[in-house]
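Pasting start11.cif here (mmCIF, C-alpha atoms):
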```
data_data
#
loop_
_atom_site.label_atom_id
_atom_site.label_comp_id
_atom_site.auth_asym_id
_atom_site.auth_seq_id
_atom_site.Cartn_x
_atom_site.Cartn_y
_atom_site.Cartn_z
CA MET A 681 0.00 0.00 0.00
CA SER A 682 2.95 2.34 -0.15
CA CYS A 683 3.51 5.05 -2.69
CA GLY A 684 6.43 4.88 -5.07
CA GLU A 685 6.77 1.11 -4.97
CA GLY A 686 4.89 0.20 -8.07
CA HIS A 687 1.53 1.60 -7.19
CA CYS A 688 -0.09 4.22 -5.09
CA ILE A 689 -3.35 4.35 -3.20
CA THR A 690 -3.90 7.86 -4.45
CA CYS A 691 -4.86 6.65 -7.84
CA SER A 692 -8.42 6.33 -8.71
CA ASP A 693 -8.59 2.83 -9.87
CA GLU A 694 -6.11 1.24 -7.54
CA GLY A 695 -7.84 -1.37 -5.43
CA VAL A 696 -5.99 -4.00 -3.46
CA PRO A 697 -7.34 -7.49 -2.76
CA MET A 698 -6.80 -8.18 0.97
CA HIS A 699 -7.92 -11.01 3.18
CA VAL A 700 -9.54 -10.47 6.53
CA VAL A 701 -7.40 -11.37 9.55
CA ALA A 702 -9.65 -10.17 12.38
CA VAL A 703 -12.93 -8.30 12.69
CA ASP A 704 -13.88 -5.52 15.13
CA ASP A 705 -17.67 -5.46 14.72
CA ASP A 706 -18.19 -2.81 17.40
CA ARG A 707 -16.17 -0.23 15.48
CA GLY A 708 -17.05 -1.47 11.98
CA LEU A 709 -13.41 -2.16 11.17
CA ALA A 710 -11.38 -5.19 10.11
CA LEU A 711 -7.67 -5.93 10.18
CA CYS A 712 -6.71 -7.05 6.67
CA GLN A 713 -3.56 -8.31 4.97
CA ASP A 714 -2.50 -7.99 1.32
CA ALA A 715 -0.54 -10.40 -0.90
CA GLU A 716 2.77 -8.87 0.23
CA GLY A 717 1.88 -9.39 3.89
CA ALA A 718 1.22 -5.71 4.69
CA ARG A 719 -1.58 -5.17 7.19
CA GLN A 720 -4.08 -2.33 7.41
CA THR A 721 -7.18 -1.40 9.39
CA VAL A 722 -10.06 -1.34 6.94
CA GLU A 723 -13.51 0.26 7.06
CA ILE A 724 -16.12 -2.45 6.34
CA ALA A 725 -19.36 -0.42 6.38
CA LEU A 726 -19.92 -0.92 2.65
CA VAL A 727 -19.58 -4.70 2.53
CA GLY A 728 -21.65 -5.88 5.49
CA PRO A 729 -20.58 -8.61 7.88
CA VAL A 730 -17.20 -10.15 7.05
CA ALA A 731 -15.33 -13.12 8.49
CA PRO A 732 -11.65 -14.04 8.68
CA ALA A 733 -10.28 -15.34 5.33
CA ASP A 734 -12.83 -13.37 3.25
CA VAL A 735 -11.15 -11.54 0.36
CA LEU A 736 -12.06 -7.84 0.09
CA LEU A 737 -11.23 -5.24 -2.50
CA VAL A 738 -9.78 -2.36 -0.48
CA HIS A 739 -9.36 1.18 -1.68
CA ALA A 740 -7.93 3.97 0.48
CA GLY A 741 -8.69 2.07 3.67
CA THR A 742 -12.25 1.18 2.73
CA ALA A 743 -13.47 -2.23 1.54
CA LEU A 744 -15.55 -1.59 -1.57
CA LEU A 745 -16.62 -5.16 -2.25
CA ARG A 746 -16.17 -8.77 -1.33
CA VAL A 747 -14.36 -10.57 -4.15
CA ALA A 748 -16.48 -13.44 -5.45
CA ASP A 749 -15.31 -16.89 -6.48
CA ALA A 750 -16.09 -16.19 -10.12
CA GLY A 751 -14.17 -14.79 -13.02
CA LEU A 752 -11.23 -17.12 -13.41
CA GLU A 753 -13.34 -19.53 -15.42
CA ALA A 754 -14.44 -16.61 -17.56
CA ALA A 755 -10.81 -15.75 -18.24
CA ARG A 756 -9.88 -19.26 -19.29
CA MET B 847 3.20 -15.16 -0.83
CA THR B 848 0.43 -16.41 -3.09
CA MET B 849 -3.03 -14.97 -3.11
CA ARG B 850 -6.29 -16.09 -4.60
CA PHE B 851 -7.66 -13.83 -7.36
CA VAL B 852 -4.20 -12.39 -8.06
CA ASP B 853 -1.81 -15.16 -9.12
CA GLU B 854 -4.23 -16.80 -11.56
CA PHE B 855 -4.51 -13.56 -13.49
CA ARG B 856 -0.74 -13.25 -13.98
CA ASP B 857 -0.44 -16.67 -15.66
CA ALA B 858 2.04 -16.30 -18.55
CA GLU B 859 0.73 -19.27 -20.53
CA LEU B 860 -2.82 -17.93 -20.39
CA GLY B 861 -1.53 -14.50 -21.42
CA ARG B 862 0.28 -15.89 -24.48
CA ALA B 863 -2.81 -17.85 -25.51
CA LEU B 864 -4.95 -14.71 -25.28
CA ALA B 865 -2.37 -12.72 -27.26
CA GLY B 866 -2.65 -15.33 -30.04
CA GLU B 867 -6.43 -15.03 -30.05
CA ILE B 868 -6.14 -11.22 -30.21
CA ARG B 869 -3.88 -11.45 -33.27
CA GLY B 870 -6.48 -13.65 -34.93
CA ALA B 871 -9.35 -11.30 -34.08
CA VAL B 872 -7.97 -8.06 -35.60
CA PRO B 873 -10.23 -7.04 -38.49
CA PRO B 874 -8.14 -7.02 -41.72
CA GLY B 875 -6.83 -3.63 -42.76
CA ARG B 876 -7.87 -1.84 -39.57
CA HIS B 877 -5.71 0.09 -37.11
CA LEU B 878 -7.57 0.14 -33.81
CA LYS B 879 -7.15 2.67 -31.01
CA LEU B 880 -8.48 1.49 -27.65
CA MET B 881 -8.44 3.80 -24.64
CA GLU B 882 -7.83 2.45 -21.17
CA VAL B 883 -9.64 4.98 -19.02
CA CYS B 884 -7.88 4.56 -15.74
CA GLY B 885 -4.36 4.99 -14.51
CA GLY B 886 -4.44 1.59 -12.84
CA HIS B 887 -4.68 -0.04 -16.25
CA THR B 888 -1.95 2.20 -17.69
CA HIS B 889 0.36 1.17 -14.88
CA SER B 890 -0.39 -2.55 -15.27
CA ILE B 891 0.07 -2.39 -19.05
CA TYR B 892 3.62 -1.05 -18.72
CA LYS B 893 4.56 -2.96 -15.61
CA TYR B 894 3.70 -6.30 -17.21
CA GLY B 895 4.51 -5.37 -20.82
CA VAL B 896 0.98 -6.06 -22.01
CA ASP B 897 1.46 -3.76 -25.01
CA ASP B 898 4.39 -5.91 -26.17
CA LEU B 899 1.99 -8.82 -26.56
CA LEU B 900 -0.39 -6.86 -28.78
CA PRO B 901 -0.13 -6.79 -32.58
CA PRO B 902 0.87 -3.44 -34.16
CA GLU B 903 -2.69 -2.94 -35.42
CA VAL B 904 -3.92 -2.54 -31.82
CA GLU B 905 -2.83 0.69 -30.13
CA LEU B 906 -3.58 1.50 -26.51
CA VAL B 907 -4.34 5.14 -25.73
CA HIS B 908 -4.02 6.28 -22.13
CA GLY B 909 -7.01 8.06 -20.67
CA PRO B 910 -7.58 10.65 -17.97
CA GLY B 911 -8.23 8.27 -15.08
CA CYS B 912 -5.43 9.21 -12.74
CA PRO B 913 -6.79 11.73 -10.24
CA VAL B 914 -3.34 13.08 -9.41
CA CYS B 915 -2.81 13.85 -13.10
CA VAL B 916 -6.04 15.79 -13.48
CA ILE B 917 -5.62 18.09 -10.45
CA PRO B 918 -5.11 21.65 -11.73
CA MET B 919 -2.30 23.79 -10.36
CA GLY B 920 -4.70 26.24 -8.74
CA ARG B 921 -6.08 23.55 -6.43
CA VAL B 922 -2.55 22.60 -5.34
CA ASP B 923 -1.92 26.29 -4.57
CA ASP B 924 -5.13 26.30 -2.50
CA ALA B 925 -3.96 23.21 -0.61
CA ILE B 926 -0.61 24.83 0.15
CA ALA B 927 -2.36 27.99 1.39
CA VAL B 928 -4.45 25.90 3.81
CA ALA B 929 -1.38 23.95 4.91
CA HIS B 930 0.30 27.24 5.87
CA GLU B 931 -2.62 28.33 8.08
CA PRO B 932 -1.58 28.52 11.75
CA GLY B 933 -2.26 25.35 13.73
CA VAL B 934 -3.12 23.24 10.69
CA ILE B 935 -1.95 19.67 10.16
CA PHE B 936 -2.46 19.07 6.44
CA THR B 937 -2.82 15.42 5.46
CA CYS B 938 -2.70 13.90 1.98
CA PHE B 939 -1.82 10.79 0.01
CA GLY B 940 1.87 10.47 -0.78
CA ASP B 941 1.81 11.35 -4.46
CA MET B 942 -0.02 14.62 -3.86
CA MET B 943 2.99 15.91 -1.94
CA ARG B 944 5.01 16.03 -5.16
CA VAL B 945 2.44 17.63 -7.46
CA PRO B 946 3.69 21.07 -8.50
CA GLY B 947 1.53 24.13 -7.93
CA SER B 948 2.51 27.52 -9.30
CA HIS B 949 4.81 28.13 -6.31
CA GLY B 950 6.13 24.70 -5.43
CA THR B 951 4.77 21.49 -3.95
CA LEU B 952 3.29 20.44 -0.62
CA GLN B 953 6.60 18.73 0.06
CA GLU B 954 8.35 22.07 -0.33
CA ALA B 955 5.71 23.70 1.86
CA LYS B 956 6.57 21.08 4.50
CA ALA B 957 10.25 21.94 4.17
CA ALA B 958 9.29 25.60 4.65
CA GLY B 959 7.62 24.80 7.95
CA ALA B 960 4.05 23.71 7.16
CA ASP B 961 2.92 20.57 9.00
CA VAL B 962 2.14 18.32 6.00
CA ARG B 963 1.76 14.61 6.69
CA MET B 964 1.29 11.65 4.38
CA VAL B 965 -1.57 9.28 5.19
CA TYR B 966 -2.75 6.02 3.63
CA SER B 967 -6.45 6.67 4.12
CA PRO B 968 -8.81 9.43 5.31
CA LEU B 969 -9.35 7.27 8.39
CA ASP B 970 -5.68 7.84 9.27
CA ALA B 971 -6.27 11.60 9.02
CA LEU B 972 -9.25 11.33 11.37
CA ARG B 973 -7.09 9.36 13.79
CA ILE B 974 -4.56 12.21 13.81
CA ALA B 975 -7.38 14.69 14.50
CA LYS B 976 -8.51 12.66 17.52
CA ALA B 977 -4.96 12.39 18.81
CA GLU B 978 -4.30 16.13 18.37
CA PRO B 979 -7.50 17.89 19.49
CA ASP B 980 -5.78 21.28 19.73
CA ARG B 981 -4.82 21.29 16.06
CA GLU B 982 -6.94 21.66 12.92
CA VAL B 983 -6.52 18.53 10.77
CA VAL B 984 -7.39 18.88 7.09
CA PHE B 985 -7.55 15.95 4.65
CA PHE B 986 -6.79 16.65 0.95
CA ALA B 987 -9.46 14.44 -0.66
CA ILE B 988 -8.87 13.49 -4.29
CA GLY B 989 -9.97 10.66 -6.50
CA PHE B 990 -12.85 9.29 -8.50
CA GLU B 991 -15.78 7.25 -7.20
CA THR B 992 -13.38 4.68 -5.77
CA THR B 993 -11.95 7.04 -3.15
CA ALA B 994 -15.03 9.17 -2.57
CA PRO B 995 -16.89 6.56 -0.45
CA SER B 996 -13.86 6.32 1.82
CA THR B 997 -13.90 10.10 2.37
CA ALA B 998 -17.69 10.03 2.85
CA LEU B 999 -17.53 7.30 5.49
CA THR B 1000 -14.76 9.14 7.32
CA LEU B 1001 -16.82 12.33 7.40
CA MET B 1002 -19.81 10.37 8.75
CA ARG B 1003 -17.53 8.85 11.37
CA ALA B 1004 -16.16 12.31 12.28
CA ARG B 1005 -19.73 13.54 12.72
CA ALA B 1006 -20.79 10.48 14.77
CA GLU B 1007 -17.72 10.59 17.00
CA GLY B 1008 -17.78 14.39 17.35
CA VAL B 1009 -14.37 15.41 16.01
CA PRO B 1010 -14.71 19.18 15.48
CA ASN B 1011 -11.09 19.77 14.48
CA PHE B 1012 -11.34 17.59 11.34
CA SER B 1013 -12.22 18.91 7.89
CA VAL B 1014 -11.89 17.88 4.24
CA PHE B 1015 -10.57 19.87 1.27
CA CYS B 1016 -12.70 18.12 -1.34
CA ASN B 1017 -11.42 17.55 -4.88
CA HIS B 1018 -13.32 14.39 -5.72
CA VAL B 1019 -14.31 13.98 -9.35
CA THR B 1020 -16.62 11.72 -11.32
CA ILE B 1021 -15.68 9.60 -14.31
CA VAL B 1022 -18.56 9.99 -16.76
CA PRO B 1023 -18.36 13.76 -17.55
CA PRO B 1024 -14.68 13.69 -18.65
CA LEU B 1025 -15.36 10.61 -20.79
CA ARG B 1026 -18.18 12.47 -22.51
CA ALA B 1027 -15.88 15.49 -22.96
CA LEU B 1028 -13.24 13.24 -24.52
CA LEU B 1029 -15.75 11.62 -26.85
CA ASP B 1030 -16.92 15.09 -27.94
CA SER B 1031 -13.33 16.17 -28.61
CA PRO B 1032 -12.81 16.50 -32.39
CA ASP B 1033 -9.10 15.55 -32.35
CA LEU B 1034 -9.65 12.12 -30.86
CA ARG B 1035 -10.50 8.95 -32.76
CA LEU B 1036 -11.14 5.86 -30.68
CA ASP B 1037 -12.55 2.45 -31.52
CA GLY B 1038 -13.34 1.18 -28.03
CA PHE B 1039 -12.81 1.55 -24.30
CA ILE B 1040 -11.25 -0.61 -21.62
CA GLY B 1041 -13.64 0.47 -18.87
CA PRO B 1042 -12.65 1.48 -15.34
CA GLY B 1043 -12.77 -1.61 -13.14
CA HIS B 1044 -12.75 -0.29 -9.63
CA VAL B 1045 -14.78 2.84 -10.32
CA SER B 1046 -17.39 0.41 -11.62
CA THR B 1047 -17.38 -1.52 -8.33
CA VAL B 1048 -18.98 1.62 -6.90
CA VAL B 1049 -21.05 3.10 -9.72
CA GLY B 1050 -21.68 -0.15 -11.60
CA ALA B 1051 -21.40 -0.63 -15.35
CA ARG B 1052 -24.72 1.03 -16.21
CA PRO B 1053 -23.36 4.65 -16.24
CA LEU B 1054 -21.07 3.61 -19.12
CA GLU B 1055 -23.97 2.59 -21.35
CA PHE B 1056 -24.03 6.04 -22.97
CA ILE B 1057 -20.75 5.22 -24.75
CA PRO B 1058 -22.20 2.50 -27.01
CA ALA B 1059 -25.65 4.14 -27.06
CA ASP B 1060 -24.64 7.71 -27.94
CA TYR B 1061 -21.20 7.28 -29.51
CA GLY B 1062 -21.30 3.76 -30.96
CA LYS B 1063 -18.14 2.53 -29.18
CA PRO B 1064 -17.81 -0.80 -27.34
CA VAL B 1065 -16.81 -0.82 -23.66
CA VAL B 1066 -15.42 -3.71 -21.65
CA VAL B 1067 -15.09 -3.15 -17.89
CA SER B 1068 -11.77 -4.74 -17.04
CA GLY B 1069 -9.75 -6.06 -14.13
CA PHE B 1070 -6.16 -4.97 -13.55
CA GLU B 1071 -4.03 -8.06 -13.89
CA PRO B 1072 -2.37 -8.70 -17.28
CA VAL B 1073 -4.70 -11.58 -18.16
CA ASP B 1074 -7.69 -9.35 -17.36
CA ILE B 1075 -6.49 -6.62 -19.72
CA LEU B 1076 -5.67 -9.02 -22.55
CA GLN B 1077 -9.04 -10.68 -22.22
CA SER B 1078 -10.76 -7.28 -22.30
CA VAL B 1079 -8.89 -6.29 -25.48
CA LEU B 1080 -10.02 -9.57 -27.04
CA MET B 1081 -13.64 -8.95 -25.97
CA ILE B 1082 -13.57 -5.49 -27.62
CA LEU B 1083 -12.13 -6.95 -30.85
CA VAL B 1084 -14.77 -9.67 -30.89
CA GLN B 1085 -17.51 -7.03 -30.48
CA LEU B 1086 -16.05 -5.07 -33.40
CA ARG B 1087 -15.71 -8.22 -35.51
CA ASP B 1088 -19.28 -9.31 -34.77
CA GLY B 1089 -20.68 -5.83 -35.35
CA ARG B 1090 -21.87 -5.58 -31.73
CA CYS B 1091 -21.54 -2.49 -29.57
CA GLU B 1092 -22.34 -2.79 -25.88
CA VAL B 1093 -21.01 -2.63 -22.32
CA GLU B 1094 -19.53 -5.96 -21.28
CA ASN B 1095 -18.13 -6.86 -17.89
CA GLN B 1096 -14.87 -8.82 -17.89
CA TYR B 1097 -14.34 -8.10 -14.18
CA LYS B 1098 -17.36 -10.03 -12.92
CA ARG B 1099 -15.47 -11.41 -9.92
CA VAL B 1100 -15.50 -7.89 -8.50
CA VAL B 1101 -17.91 -5.63 -10.40
CA PRO B 1102 -21.65 -6.09 -9.98
CA TYR B 1103 -23.48 -4.48 -12.90
CA GLU B 1104 -25.46 -2.26 -10.50
CA GLY B 1105 -22.44 -1.16 -8.43
CA ASN B 1106 -22.39 -0.83 -4.65
CA LEU B 1107 -25.69 0.76 -3.61
CA ARG B 1108 -24.56 1.43 -0.05
CA ALA B 1109 -21.52 3.32 -1.36
CA LEU B 1110 -23.73 5.40 -3.66
CA GLU B 1111 -26.01 6.19 -0.70
CA VAL B 1112 -23.22 7.47 1.53
CA MET B 1113 -21.80 9.51 -1.33
CA SER B 1114 -25.15 11.16 -2.05
CA GLU B 1115 -25.55 11.99 1.64
CA VAL B 1116 -22.12 13.58 2.03
CA PHE B 1117 -21.41 15.09 -1.40
CA THR B 1118 -23.17 17.23 -3.94
CA LEU B 1119 -22.17 18.02 -7.53
CA ARG B 1120 -20.32 21.27 -8.25
CA PRO B 1121 -21.70 23.18 -11.26
CA HIS B 1122 -18.28 22.81 -12.88
CA PHE B 1123 -14.77 21.74 -11.96
CA GLU B 1124 -11.42 22.38 -13.63
CA TRP B 1125 -9.43 19.42 -14.97
CA ARG B 1126 -5.78 19.69 -15.81
CA GLY B 1127 -5.41 19.78 -19.59
CA LEU B 1128 -9.13 19.30 -20.16
CA GLY B 1129 -10.41 22.64 -18.81
CA PHE B 1130 -13.71 23.14 -17.01
CA ILE B 1131 -16.17 20.26 -17.25
CA SER B 1132 -19.77 20.66 -16.08
CA GLN B 1133 -20.96 18.62 -13.10
CA SER B 1134 -17.73 16.68 -12.91
CA GLY B 1135 -16.59 17.54 -9.38
CA LEU B 1136 -17.97 16.96 -5.89
CA ARG B 1137 -18.13 19.27 -2.89
CA LEU B 1138 -19.43 18.55 0.59
CA SER B 1139 -23.22 18.73 0.87
CA ASP B 1140 -24.86 21.46 2.97
CA ALA B 1141 -25.38 18.89 5.74
CA TYR B 1142 -21.59 18.54 6.02
CA ALA B 1143 -20.64 22.16 5.28
CA ASP B 1144 -19.23 22.56 8.81
CA LEU B 1145 -16.59 19.94 7.95
CA ASP B 1146 -15.69 21.61 4.64
CA ALA B 1147 -12.16 23.06 4.69
CA GLU B 1148 -13.16 25.50 1.94
CA GLN B 1149 -15.71 27.00 4.36
CA ARG B 1150 -13.41 26.87 7.37
CA PHE B 1151 -10.29 28.44 5.83
CA ALA B 1152 -9.57 31.23 3.38
CA VAL B 1153 -8.90 29.41 0.10
CA PRO B 1154 -7.43 31.67 -2.61
CA GLY B 1155 -9.23 29.85 -5.45
CA VAL B 1156 -7.06 31.43 -8.14
CA ARG B 1157 -7.00 29.72 -11.52
CA VAL B 1158 -3.46 29.04 -12.76
CA ALA B 1159 -2.62 28.19 -16.38
CA ASP B 1160 -0.62 25.01 -17.00
CA PRO B 1161 3.09 25.51 -17.78
CA LYS B 1162 3.53 26.17 -21.51
CA ALA B 1163 6.17 23.49 -22.02
CA CYS B 1164 3.99 20.79 -20.49
CA GLN B 1165 1.67 18.81 -22.74
CA CYS B 1166 -0.20 16.88 -20.06
CA GLY B 1167 -3.49 17.91 -21.67
CA GLU B 1168 -2.68 16.21 -24.96
CA VAL B 1169 -1.34 13.17 -23.09
CA LEU B 1170 -4.52 12.95 -20.98
CA LYS B 1171 -6.65 13.11 -24.11
CA GLY B 1172 -4.50 10.45 -25.74
CA VAL B 1173 -3.66 12.80 -28.63
CA ILE B 1174 0.08 12.36 -28.14
CA LYS B 1175 2.15 9.65 -26.49
CA PRO B 1176 4.08 10.72 -23.38
CA TRP B 1177 7.43 10.48 -25.20
CA GLU B 1178 6.19 12.95 -27.81
CA CYS B 1179 6.03 15.73 -25.18
CA LYS B 1180 8.93 18.15 -25.55
CA VAL B 1181 10.00 17.98 -21.91
CA PHE B 1182 9.47 14.23 -21.35
CA GLY B 1183 12.47 12.62 -19.68
CA THR B 1184 14.57 15.78 -19.96
CA ALA B 1185 13.19 18.74 -18.00
CA CYS B 1186 10.31 16.61 -16.67
CA THR B 1187 11.18 13.44 -14.74
CA PRO B 1188 9.56 11.64 -11.77
CA GLU B 1189 12.20 13.25 -9.50
CA ARG B 1190 11.45 16.76 -10.77
CA PRO B 1191 8.06 16.67 -12.49
CA ILE B 1192 6.71 19.65 -14.43
CA GLY B 1193 3.45 18.01 -15.35
CA THR B 1194 1.20 15.90 -13.15
CA CYS B 1195 1.34 12.88 -15.48
CA MET B 1196 4.97 12.42 -14.41
CA VAL B 1197 4.16 12.43 -10.67
CA SER B 1198 1.98 9.47 -9.90
CA SER B 1199 3.16 5.96 -10.73
CA GLU B 1200 -0.14 5.58 -12.58
CA GLY B 1201 0.34 8.70 -14.68
CA ALA B 1202 0.99 7.80 -18.31
CA CYS B 1203 4.34 9.66 -18.41
CA ALA B 1204 5.67 8.13 -15.20
CA ALA B 1205 4.54 4.66 -16.31
CA TYR B 1206 6.45 5.07 -19.59
CA TYR B 1207 9.48 6.53 -17.85
CA ASN B 1208 9.70 4.09 -14.94
CA TYR B 1209 9.43 0.99 -17.10
CA GLY B 1210 11.87 2.20 -19.75
CA ARG B 1211 9.31 2.31 -22.51
CA PHE B 1212 10.50 5.60 -23.92
CA ALA B 1213 13.76 4.26 -25.35
CA ARG B 1214 12.10 1.71 -27.61
CA GLU B 1215 9.44 4.18 -28.70
CA ARG B 1216 12.00 6.83 -29.53
CA ALA B 1217 13.96 4.36 -31.66
CA VAL B 1218 10.83 3.78 -33.72
CA VAL B 1219 10.43 7.53 -34.28
#
```
In structure tokens, what does this structure look like?
Amino acid sequence: MSCGEGHCITCSDEGVPMHVVAVDDDRGLALCQDAEGARQTVEIALVGPVAPADVLLVHAGTALLRVADAGLEAAR
Amino acid sequence: MTMRFVDEFRDAELGRALAGEIRGAVPPGRHLKLMEVCGGHTHSIYKYGVDDLLPPEVELVHGPGCPVCVIPMGRVDDAIAVAHEPGVIFTCFGDMMRVPGSHGTLQEAKAAGADVRMVYSPLDALRIAKAEPDREVVFFAIGFETTAPSTALTLMRARAEGVPNFSVFCNHVTIVPPLRALLDSPDLRLDGFIGPGHVSTVVGARPLEFIPADYGKPVVVSGFEPVDILQSVLMILVQLRDGRCEVENQYKRVVPYEGNLRALEVMSEVFTLRPHFEWRGLGFISQSGLRLSDAYADLDAEQRFAVPGVRVADPKACQCGEVLKGVIKPWECKVFGTACTPERPIGTCMVSSEGACAAYYNYGRFARERAVV
């Protein structure tokens, strides 16, 4: 999620798939981890209840969507 | 570390197979120009060398979808003015610190004594405001519909938690009006669009339907991995070959056709459209920018601080406007790679890693292109 290392969160269409590590339902936040192992506190108000191991598309600290198990077949 | 939904879409064998199908799908005798709207695609294309896999008849044109690149100099000057206000902690994403205004950058303002801090999300800025209740914390909000929900939720959180020393300098923009402006531009000829993937997670694919309906151009909403982009190019070529013209969704694993309704709700509560907003290189575009709604006016930095609001012309040497419209390639700009580099950018397209110029420069694409010229 850092700037200057290949991508930057500033940019409009940068979204990062992250998986949920832990959920703080009281505050509407989740601790998430990306493919490089970096962790971030993420706002989950837009995606409803999440559980550990769910994959979320995170943009600027907010989960925009839950990534569905579809698409790869479409690509093949 | 491996990750589902990422590794599969970087599969080299799949990429080569798609490249072969693309070569077979090019209509004979045509030279096709396809615009990728967003900076995320531009960056992926050069990072992974996607353009090297395409036949010469298929040219990718880089669109205006990097919000850093479209910020006009006057707004950077406004940001610097706010950052210099006594007691202000000015927070922004990292790339914005290097965007030149008419009298320097936010980074230079920091060196001159302003308290400018980089954050990774608006939530981080709110956290600073709560930790420093005696200071005024301003967040420099930029971005399309992908970033706007994040700002909106943070403002709602600031309201709910009662954080009076937090405000937002709002520069959010929307994707459809500049696309319409580009399509109306007489010096641009395009055959199809690689649609914005993550913007569409919020707004859905429906707002793009005007492109086939009014302008007769196919659109394929695309993911960001190399296999995604290649597949989207193929889908556009197949539409052209079959004589179809519609919005298709390649990025179904993420983008629902209707978008994220909850995100649209929070945006409509917190933001309202400005009558017009200035875009770097593109000029003023009607109803293309967002400001805070009246209900959130008390958290609007433009209401709280004196913002100069002076319009500043782009530097003459810089051709960001033509680059953003896809009229010229970055390496055709007179200052590309000489006076304008990522270390000392003149134009915004050289600042962000997703700007077309920086993407060309960082991945060494300019040398090959120049040899061709």
Legend entry - Selection near range 902-909 of chain B, 8 Å with all atoms listed in the file, sequence-local residues under 4 positions removed, as number ranges by chain: B: 872, 876-885, 888, 897, 1169-1172, 1175, 1202
Inset, instruction - Run the PyMOL selection byres ((chain A and resi 702) around 6) on the file and write out the hits as a PyMOL selection string. - result: chain A and resi 700-701+703+710-711+732
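Between CA of Ser1068 in chain B and CA of Ser996 in chain B the separation is 22.0 Å.
In this comparison, which uses all atoms listed in the file, the residue of B:Gly1050, B:Pro1072, B:Gly940, B:Pro1191 approaching Lys1098 in chain B most closely is B:Gly1050.
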Inset, instruction - Have a look at CA of Ala743 in chain A and CA of Ala977 in chain B and let me know their distance in Å, one decimal. - result: 24.2 Å
Legend entry - Residue among A:Leu709, A:Val747, A:Val730, A:Arg719 lying closest to chain B, counting all atoms listed in the file: A:Val747
Inset, instruction - Identify, on the basis of all atoms listed in the file, every residue whose closest approach to Val1019 in chain B does not exceed 6 Å; exclude the query and any residue fewer than 3 positions from it along the same chain; express the result as a list in words. - result: Phe990, Ser1134, Gly1135 and Leu1136 of chain B
Inset, instruction - Find the residues near Ser890 in chain B: any atom within 7 Å, counting only C-alpha atoms, skip ones fewer than 4 places away on the same chain, and give them as an NGL selection string. - result: :B and (886 or 894 or 1070-1072)
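Closest approach to chain A among B:Leu1029, B:Val916, B:Val1014, B:Ile1082 is made by B:Val916 (distances from all atoms listed in the file).
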Inset, instruction - Identify which of the residues A:Leu745, A:Met698, A:Asp734, A:Ala740 lies closest to Gln713 in chain A, counting only C-alpha atoms when measuring atom-to-atom distances. - result: A:Met698
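Closest approach to Ala1051 in chain B among B:Trp1125, B:Leu1034, B:Ala1185, B:Val1065: B:Val1065, based on all atoms listed in the file.
Pairwise distance (CA of Leu969 in chain B, CA of Tyr1103 in chain B) equals 28.1 Å.
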Inset, instruction - Spell out the residues picked by the PyMOL selection byres ((chain B and resi 1075) around 9) here, as a ChimeraX atom specification. - result: /B:887,890-891,896,1040,1068-1074,1076-1080,1096
Please write as a PDB file with C-alpha atoms, in the coordinates of the input the full residue list that the PyMOL selection byres ((chain A and resi 697) around 6) yields on this file.
```pdb
ATOM      1  CA  VAL A 696      -5.990  -4.000  -3.460  1.00  0.00           C
ATOM      2  CA  MET A 698      -6.800  -8.180   0.970  1.00  0.00           C
ATOM      3  CA  LEU A 736     -12.060  -7.840   0.090  1.00  0.00           C
ATOM      4  CA  LEU A 737     -11.230  -5.240  -2.500  1.00  0.00           C
TER       5      LEU A 737
END
```
Please provide the set of residues having any atom within 8 Å of Gly741 in chain A, restricted to only C-alpha atoms, with same-chain residues fewer than 4 positions apart removed, written as a PDB file with C-alpha atoms, in the coordinates of the input.
```
ATOM      1  CA  GLN A 720      -4.080  -2.330   7.410  1.00  0.00           C
ATOM      2  CA  THR A 721      -7.180  -1.400   9.390  1.00  0.00           C
ATOM      3  CA  VAL A 722     -10.060  -1.340   6.940  1.00  0.00           C
ATOM      4  CA  GLU A 723     -13.510   0.260   7.060  1.00  0.00           C
TER       5      GLU A 723
ATOM      6  CA  TYR B 966      -2.750   6.020   3.630  1.00  0.00           C
ATOM      7  CA  SER B 967      -6.450   6.670   4.120  1.00  0.00           C
ATOM      8  CA  PRO B 968      -8.810   9.430   5.310  1.00  0.00           C
ATOM      9  CA  LEU B 969      -9.350   7.270   8.390  1.00  0.00           C
ATOM     10  CA  SER B 996     -13.860   6.320   1.820  1.00  0.00           C
TER      11      SER B 996
END
```
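Comparing the minimum interatomic distances between Gly695 in chain A and each of A:Ala715, A:Leu744, A:Val738, A:Ala733, counting all atoms listed in the file, we find that A:Val738 sits nearest.
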Legend entry - Test item: residues at most 7 Å from Phe986 in chain B, only C-alpha atoms, excluding those fewer than 2 positions along its chain, as a ChimeraX atom specification: /B:937-938,984,988,1014-1016
Given the selection you just returned, output its residues as a file containing C-alpha atoms, formatted as a PDB file, in the coordinates of the input.
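Dumped everything to part-v2.pdb:
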```pdb
ATOM      1  CA  THR B 937      -2.820  15.420   5.460  1.00  0.00           C
ATOM      2  CA  CYS B 938      -2.700  13.900   1.980  1.00  0.00           C
ATOM      3  CA  VAL B 984      -7.390  18.880   7.090  1.00  0.00           C
ATOM      4  CA  ILE B 988      -8.870  13.490  -4.290  1.00  0.00           C
ATOM      5  CA  VAL B1014     -11.890  17.880   4.240  1.00  0.00           C
ATOM      6  CA  PHE B1015     -10.570  19.870   1.270  1.00  0.00           C
ATOM      7  CA  CYS B1016     -12.700  18.120  -1.340  1.00  0.00           C
TER       8      CYS B1016
END
```
